[in-house]
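**Student:** Can you keep this structure in mind? I'll have questions shortly.
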Amino acid sequence: MDNLIDIKGVTHAYKTKAGPFPVLKDLNISIPQHSFCAVVGPSGCGKSTLTRLIAGLMFPDQGEVWLHGELVKSPRKTVGMAFQNPVLLEWRTILQNVILPLEIVAPMMPKAQKEARARELLAMVGLEGFENKRPSELSGGMRQRASLCRALVHKPDIIILDEPFGA
Ligand SMILES: Nc1ncnc2c1ncn2[C@@H]1O[C@H](COP(=O)(O)OP(=O)(O)OP(=O)(O)O)[C@@H](O)[C@H]1O
Ligand SMILES: [Mg+2]
């Protein structure tokens with residue numbers, strides 16, 4: 001069986017005004033199916049960079065990222081991601097923020113069904129009653145829990161959580 005995730009020889013530098021800023025060098029990690037993996041390292045060592053590379057939000061200078069035996073060439077619908085900063089959209093309510101992945105992955109799903117799924121998750125993290133608030137009306141921890149709901153709402157195969165319990 002293919003691994004869930006294969007990081008093969010990944011090297012990456014950010015392009016900055018001062019020139020390339022190397023972050024990851026020849027990184028190799030294999031994560032089997034049905035497993036849980038934690039990446040631990042000091043601040044600035046490249047953990048968040050790695051999550052963006054796995055999710056297909058960025059691509060390595062060298063090397064490859066494979067998910068389920070498929071080369072990552074674009075953002076993946078089968079990935080759920082909770083970013084280190086919650087990055088909720090201020091022009092949407094909390095409910096609308098949580099529904100967003102379903103709008104992309106399952107556009108034909110009836111709106112009521114999308115909302116029911118989002119409400120169920122929001123209730124699970126103690127955000128019942130806050131569905132119609134804007135992100136700026138929530139505390140940092142509440143925003144982080146809303147972003148966890150957004151990562152889970154479309155039942156992704158792979159869930160990437162970047163310091164999800166920081167708040
Ligand atoms: N967009 C960017 N442009 C330039 N350099 C960046 C960019 N994003 C991150 N870096 C640099 O890359 C390095 C790794 O950053 P990254 O966010 O991946 O670290 P991290 O391990 O997640 O740290 P932390 O534990 O503090 O969240 C840091 O030195 C950072 O300054
Ligand atoms: Mg980070």
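In the structure tokens, chains take the letters A, B, ... in the order shown, each chain's residues start at 1, and ligands count up from 1 in the order shown.
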Around ligand 1, which protein and nucleic acid residues have at least one atom no more than 6 Å from it, if we count only C-alpha atoms and all ligand atoms? List them as a short mmCIF file (atom, residue, chain, number, x, y, z; two decimals) with all heavy atoms, in the first residue's frame.
**Tutor:**
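Once everything was written out, this is result30.cif:
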```cif
data_model
loop_
_atom_site.label_atom_id
_atom_site.label_comp_id
_atom_site.auth_asym_id
_atom_site.auth_seq_id
_atom_site.Cartn_x
_atom_site.Cartn_y
_atom_site.Cartn_z
N TYR A 14 13.21 30.30 0.77
CA TYR A 14 12.32 31.41 0.42
C TYR A 14 13.12 32.42 -0.40
O TYR A 14 14.29 32.68 -0.10
CB TYR A 14 11.77 32.07 1.68
CG TYR A 14 10.69 31.26 2.35
CD1 TYR A 14 10.97 30.52 3.50
CD2 TYR A 14 9.40 31.24 1.83
CE1 TYR A 14 9.97 29.77 4.11
CE2 TYR A 14 8.40 30.49 2.44
CZ TYR A 14 8.68 29.76 3.58
OH TYR A 14 7.70 29.02 4.18
N THR A 16 13.94 36.00 -1.03
CA THR A 16 13.82 37.27 -0.32
C THR A 16 14.66 38.32 -1.04
O THR A 16 15.47 37.98 -1.91
CB THR A 16 14.32 37.16 1.15
OG1 THR A 16 15.74 37.03 1.13
CG2 THR A 16 13.72 35.95 1.86
N VAL A 23 15.58 26.98 4.10
CA VAL A 23 14.81 26.53 5.29
C VAL A 23 14.88 25.01 5.44
O VAL A 23 15.19 24.51 6.51
CB VAL A 23 13.34 27.00 5.19
CG1 VAL A 23 12.54 26.47 6.37
CG2 VAL A 23 13.27 28.52 5.16
N PRO A 42 12.59 23.48 17.02
CA PRO A 42 12.62 24.85 17.53
C PRO A 42 11.91 25.83 16.61
O PRO A 42 11.72 25.57 15.43
CB PRO A 42 14.11 25.17 17.64
CG PRO A 42 14.82 24.16 16.83
CD PRO A 42 13.93 22.96 16.72
N SER A 43 11.53 26.96 17.17
CA SER A 43 10.86 28.01 16.41
C SER A 43 11.73 28.41 15.21
O SER A 43 12.94 28.62 15.35
CB SER A 43 10.65 29.22 17.33
OG SER A 43 10.04 30.26 16.60
N GLY A 44 11.11 28.48 14.05
CA GLY A 44 11.82 28.92 12.84
C GLY A 44 12.53 27.80 12.10
O GLY A 44 13.21 28.06 11.10
N CYS A 45 12.36 26.54 12.54
CA CYS A 45 13.11 25.45 11.88
C CYS A 45 12.43 24.98 10.59
O CYS A 45 13.01 24.22 9.84
CB CYS A 45 13.34 24.28 12.83
SG CYS A 45 11.86 23.30 13.13
N GLY A 46 11.18 25.41 10.35
CA GLY A 46 10.56 25.07 9.07
C GLY A 46 9.32 24.18 9.17
O GLY A 46 8.87 23.65 8.16
N LYS A 47 8.73 24.05 10.35
CA LYS A 47 7.56 23.18 10.51
C LYS A 47 6.36 23.69 9.69
O LYS A 47 5.73 22.93 8.97
CB LYS A 47 7.15 23.09 12.00
CG LYS A 47 8.28 22.61 12.91
CD LYS A 47 7.85 22.56 14.36
CE LYS A 47 7.52 23.93 14.96
NZ LYS A 47 8.70 24.84 15.08
N SER A 48 6.06 24.98 9.82
CA SER A 48 4.91 25.53 9.07
C SER A 48 5.18 25.47 7.57
O SER A 48 4.27 25.20 6.77
CB SER A 48 4.62 26.97 9.49
OG SER A 48 4.22 27.01 10.84
N THR A 49 6.43 25.71 7.18
CA THR A 49 6.81 25.60 5.77
C THR A 49 6.49 24.20 5.26
O THR A 49 5.89 24.03 4.19
CB THR A 49 8.31 25.90 5.61
OG1 THR A 49 8.58 27.19 6.14
CG2 THR A 49 8.76 25.82 4.17
#
```
**Student:** Show which residues sit within 8 Å of Glu163 of chain A, as a list in words. Count only C-alpha atoms, and ignore same-chain residues fewer than 3 positions away.
**Tutor:**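 Residues near the query, excluding close chain neighbours: Phe83, Gln84 and Gly166 of chain A.
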**Student:** Can you work out which one of A:Lys77, A:Glu137, A:Leu67, A:Ser35 has the shortest atom-to-atom distance to Ile104 of chain A, counting only C-alpha atoms?
**Tutor:**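 So, comparing all the options, the nearest one is A:Lys77.
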**Student:** Mind listing the helix (DSSP H, G or I) residues of chain A, per DSSP on the backbone, as a ChimeraX atom specification?
**Tutor:** /A:47-54,94-105,111-124,135-137,140-152
**Student:** Name the residues in contact with Val65 of chain A at a cut-off of 9 Å, using only C-alpha atoms, excluding same-chain residues fewer than 3 positions from it; report them as a PyMOL selection string.
**Tutor:** chain A and resi 5-10+53-54+56+59-60+70-73
**Student:** Can you list, as a PyMOL selection string, every protein, DNA or RNA residue that comes within 12 Å of Ala38 of chain A when you count only C-alpha atoms, leaving out same-chain residues fewer than 2 positions away?
**Tutor:** chain A and resi 29+31+35-36+40-41+47+50-51+159-164
**Student:** Please identify which residues in chain A DSSP calls strand (DSSP E) from the backbone, and express them as an NGL selection string.
**Tutor:** :A and (5-16 or 19-31 or 62-67 or 70-71 or 79-82 or 158-161)
**Student:** Choose the residue, out of A:Val105, A:Ile99, A:Met1, A:Ala146, that has the smallest atom-to-atom separation from Glu128 of chain A; count only C-alpha atoms.
**Tutor:**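 With only C-alpha atoms as the atom set, the closest residue is A:Ala146.
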**Student:** Would you mind telling me which residue in A:Ala167, A:Met81, A:Glu115, A:Glu120 lies nearest to Arg150 of chain A when using only C-alpha atoms?
**Tutor:**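 Using only C-alpha atoms, the shortest distance to Arg150 of chain A belongs to A:Met81.
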**Student:** Could you tell me how far atom CA of Thr78 of chain A sits from atom CA of Pro107 of chain A, in Å to one decimal place?
**Tutor:** 14.7 Å
**Student:** From the options A:Arg52, A:Lys17, A:His154, A:His34, which residue's atoms come nearest to Gln113 of chain A, counting only C-alpha atoms?
**Tutor:**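 Using only C-alpha atoms, the shortest distance to Gln113 of chain A belongs to A:His154.
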